[in-house]
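Q: Shown below is the structure under consideration.
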Amino acid sequence: MEETRVKAAATAALDTFVFETETHRLIRKRVFSVLEARETRLARGLYEQKGAALIGPAGSGKSTMMARVIRENEEAAVATGGRAFGHRIVSAIVPGKASVKDTCCAVLREIGYPTKPGPSPER
């Protein structure tokens, strides 16, 4: 039984393992530069929001890589006292065939805003 637990723990550790590739370093650099640019815009009174989409084949490590980048951002923020305008990154996973509405609803749910399922209201 103990051997099974050890193997399960080792397998679980592999689920969060990220081999740091050049792509990972580029993604981290891009995310951090977007956050720094956001700080600059907000300090100037500009309130437009920016986002990013990471697109790739299923199983290629997108979610795992982003979870690591988000964790690195959180660790850096805690170590340096945070950013003036906050440091939270919202990550939402949506199906590849998701509509803009589906994507927006997923983001709203991630930030705790209630959404109602169903068709869009008539215009």
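Residues in the structure tokens are numbered from 1 in each chain, the chains being A, B, ... in the order shown, and ligands are numbered from 1 in the order shown.
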Would you mind writing down, as an MDAnalysis selection string, each residue of chain A that DSSP on the backbone assigns to helix (DSSP H, G or I)?

A: chainID A and resid 2:15 22:43 62:80 100:110

Q: Considering only C-alpha atoms, can you say which of A:Arg38, A:Arg25, A:Lys101, A:Arg44 comes closest to Ile89 in chain A?

A: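 When distances to Ile89 in chain A are compared using only C-alpha atoms, the smallest one comes from A:Arg38.
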
Q: Would you compute the distance between CA of Lys116 in chain A and CA of Glu48 in chain A? Give it in Å to one decimal.

A: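 Taking CA of Lys116 in chain A as the start and CA of Glu48 in chain A as the end point, the length is 25.4 Å.
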
Q: I'd like to know which of A:Gln49, A:Ala79, A:Val94, A:Ile55 is closest to Ala37 in chain A, using only C-alpha atoms.

A: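 Of the candidates, the smallest distance to Ala37 in chain A is held by A:Gln49.
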
Q: Of the candidates A:Leu42, A:Ala67, A:Ile27, A:Cys104, which shows the shortest atom-to-atom distance to Leu54 in chain A, using only C-alpha atoms?

A: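 Of all the options, A:Ile27 lies closest to Leu54 in chain A.
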
Q: Skipping near chain neighbours, those fewer than 5 positions away, what residues fall within 12 Å of Glu39 in chain A using only C-alpha atoms, listed as a PyMOL selection string?

A: chain A and resi 32-34+44-50+82-87

Q: Keeping only all heavy atoms, write the selected residues as a CSV table (one decimal), in the first residue's frame.

A:
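The resulting file, result_28.csv, is reproduced below:
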```csv
chain,number,residue,atom,x,y,z
A,32,PHE,N,5.1,39.2,-17.8
A,32,PHE,CA,5.6,40.2,-16.8
A,32,PHE,C,5.7,41.6,-17.5
A,32,PHE,O,5.4,42.6,-16.8
A,32,PHE,CB,7.0,39.8,-16.3
A,32,PHE,CG,7.0,38.7,-15.2
A,32,PHE,CD1,6.0,37.7,-15.2
A,32,PHE,CD2,7.9,38.7,-14.2
A,32,PHE,CE1,5.9,36.8,-14.2
A,32,PHE,CE2,7.9,37.8,-13.2
A,32,PHE,CZ,6.9,36.8,-13.2
A,33,SER,N,6.0,41.7,-18.8
A,33,SER,CA,6.1,43.0,-19.4
A,33,SER,C,4.7,43.6,-19.6
A,33,SER,O,4.5,44.8,-19.4
A,33,SER,CB,6.8,42.9,-20.8
A,33,SER,OG,6.0,42.2,-21.7
A,34,VAL,N,3.6,42.8,-19.8
A,34,VAL,CA,2.3,43.2,-19.9
A,34,VAL,C,1.9,43.8,-18.5
A,34,VAL,O,1.2,44.9,-18.4
A,34,VAL,CB,1.3,42.1,-20.3
A,34,VAL,CG1,-0.2,42.5,-20.1
A,34,VAL,CG2,1.5,41.8,-21.8
A,44,ARG,N,-0.7,56.6,-15.0
A,44,ARG,CA,-1.0,57.7,-15.8
A,44,ARG,C,-2.5,58.0,-15.9
A,44,ARG,O,-2.9,58.9,-16.6
A,44,ARG,CB,-0.5,57.5,-17.2
A,44,ARG,CG,1.0,57.5,-17.3
A,44,ARG,CD,1.5,57.3,-18.7
A,44,ARG,NE,3.0,57.3,-18.8
A,44,ARG,CZ,3.6,56.7,-19.8
A,44,ARG,NH1,3.0,56.2,-20.8
A,44,ARG,NH2,4.9,56.7,-19.7
A,45,GLY,N,-3.3,57.2,-15.3
A,45,GLY,CA,-4.8,57.4,-15.3
A,45,GLY,C,-5.5,56.7,-16.5
A,45,GLY,O,-6.6,57.0,-16.7
A,46,LEU,N,-4.8,55.9,-17.2
A,46,LEU,CA,-5.4,55.2,-18.3
A,46,LEU,C,-5.9,53.8,-17.8
A,46,LEU,O,-5.1,53.1,-17.2
A,46,LEU,CB,-4.3,54.9,-19.4
A,46,LEU,CG,-3.7,56.2,-19.9
A,46,LEU,CD1,-2.5,55.9,-20.9
A,46,LEU,CD2,-4.7,57.1,-20.6
A,47,TYR,N,-7.2,53.5,-18.0
A,47,TYR,CA,-7.8,52.4,-17.4
A,47,TYR,C,-8.1,51.3,-18.4
A,47,TYR,O,-8.8,50.4,-18.0
A,47,TYR,CB,-9.0,52.8,-16.6
A,47,TYR,CG,-8.7,53.7,-15.5
A,47,TYR,CD1,-8.8,55.1,-15.6
A,47,TYR,CD2,-8.1,53.2,-14.3
A,47,TYR,CE1,-8.4,55.9,-14.6
A,47,TYR,CE2,-7.7,54.0,-13.3
A,47,TYR,CZ,-7.9,55.4,-13.4
A,47,TYR,OH,-7.5,56.2,-12.4
A,48,GLU,N,-7.6,51.3,-19.6
A,48,GLU,CA,-7.9,50.2,-20.5
A,48,GLU,C,-7.3,48.9,-19.9
A,48,GLU,O,-6.2,48.9,-19.3
A,48,GLU,CB,-7.4,50.5,-21.9
A,48,GLU,CG,-5.9,50.5,-22.0
A,48,GLU,CD,-5.4,51.0,-23.3
A,48,GLU,OE1,-5.8,52.1,-23.8
A,48,GLU,OE2,-4.6,50.2,-23.9
A,49,GLN,N,-7.9,47.8,-20.2
A,49,GLN,CA,-7.4,46.5,-19.7
A,49,GLN,C,-6.9,45.7,-20.9
A,49,GLN,O,-7.4,45.8,-22.0
A,49,GLN,CB,-8.5,45.8,-19.0
A,49,GLN,CG,-9.0,46.5,-17.7
A,49,GLN,CD,-8.0,46.6,-16.7
A,49,GLN,OE1,-7.2,45.7,-16.4
A,49,GLN,NE2,-7.8,47.8,-16.1
A,50,LYS,N,-5.8,45.0,-20.6
A,50,LYS,CA,-5.2,44.1,-21.6
A,50,LYS,C,-5.4,42.7,-21.2
A,50,LYS,O,-5.4,42.4,-20.0
A,50,LYS,CB,-3.8,44.5,-21.8
A,50,LYS,CG,-3.5,45.9,-22.2
A,50,LYS,CD,-3.9,46.1,-23.7
A,50,LYS,CE,-3.6,47.5,-24.1
A,50,LYS,NZ,-3.9,47.8,-25.4
A,82,GLY,N,4.6,43.7,-3.7
A,82,GLY,CA,3.5,43.8,-4.7
A,82,GLY,C,3.6,45.0,-5.6
A,82,GLY,O,4.6,45.7,-5.6
A,83,ARG,N,2.6,45.1,-6.4
A,83,ARG,CA,2.5,46.2,-7.4
A,83,ARG,C,1.6,47.3,-6.8
A,83,ARG,O,0.6,46.9,-6.1
A,83,ARG,CB,2.1,45.7,-8.7
A,83,ARG,CG,3.1,44.8,-9.4
A,83,ARG,CD,2.5,44.3,-10.7
A,83,ARG,NE,3.5,43.5,-11.4
A,83,ARG,CZ,4.5,43.9,-12.2
A,83,ARG,NH1,4.7,45.2,-12.4
A,83,ARG,NH2,5.3,43.0,-12.8
A,84,ALA,N,1.7,48.5,-7.2
A,84,ALA,CA,0.8,49.6,-6.7
A,84,ALA,C,-0.6,49.3,-7.0
A,84,ALA,O,-1.5,49.6,-6.2
A,84,ALA,CB,1.3,50.9,-7.3
A,85,PHE,N,-0.9,48.7,-8.2
A,85,PHE,CA,-2.3,48.5,-8.6
A,85,PHE,C,-2.7,47.0,-8.5
A,85,PHE,O,-3.7,46.6,-9.2
A,85,PHE,CB,-2.5,49.0,-10.0
A,85,PHE,CG,-2.3,50.5,-10.1
A,85,PHE,CD1,-1.0,51.0,-10.5
A,85,PHE,CD2,-3.2,51.4,-9.6
A,85,PHE,CE1,-0.8,52.4,-10.5
A,85,PHE,CE2,-3.0,52.8,-9.7
A,85,PHE,CZ,-1.8,53.3,-10.1
A,86,GLY,N,-2.0,46.2,-7.7
A,86,GLY,CA,-2.4,44.8,-7.6
A,86,GLY,C,-1.6,43.9,-8.5
A,86,GLY,O,-1.0,44.4,-9.5
A,87,HIS,N,-1.6,42.6,-8.2
A,87,HIS,CA,-0.8,41.7,-9.0
A,87,HIS,C,-1.5,40.4,-9.4
A,87,HIS,O,-0.9,39.5,-9.8
A,87,HIS,CB,0.5,41.4,-8.3
A,87,HIS,CG,0.3,40.8,-6.9
A,87,HIS,ND1,0.2,41.6,-5.8
A,87,HIS,CD2,0.0,39.5,-6.5
A,87,HIS,CE1,0.0,40.8,-4.7
A,87,HIS,NE2,-0.1,39.5,-5.1
```
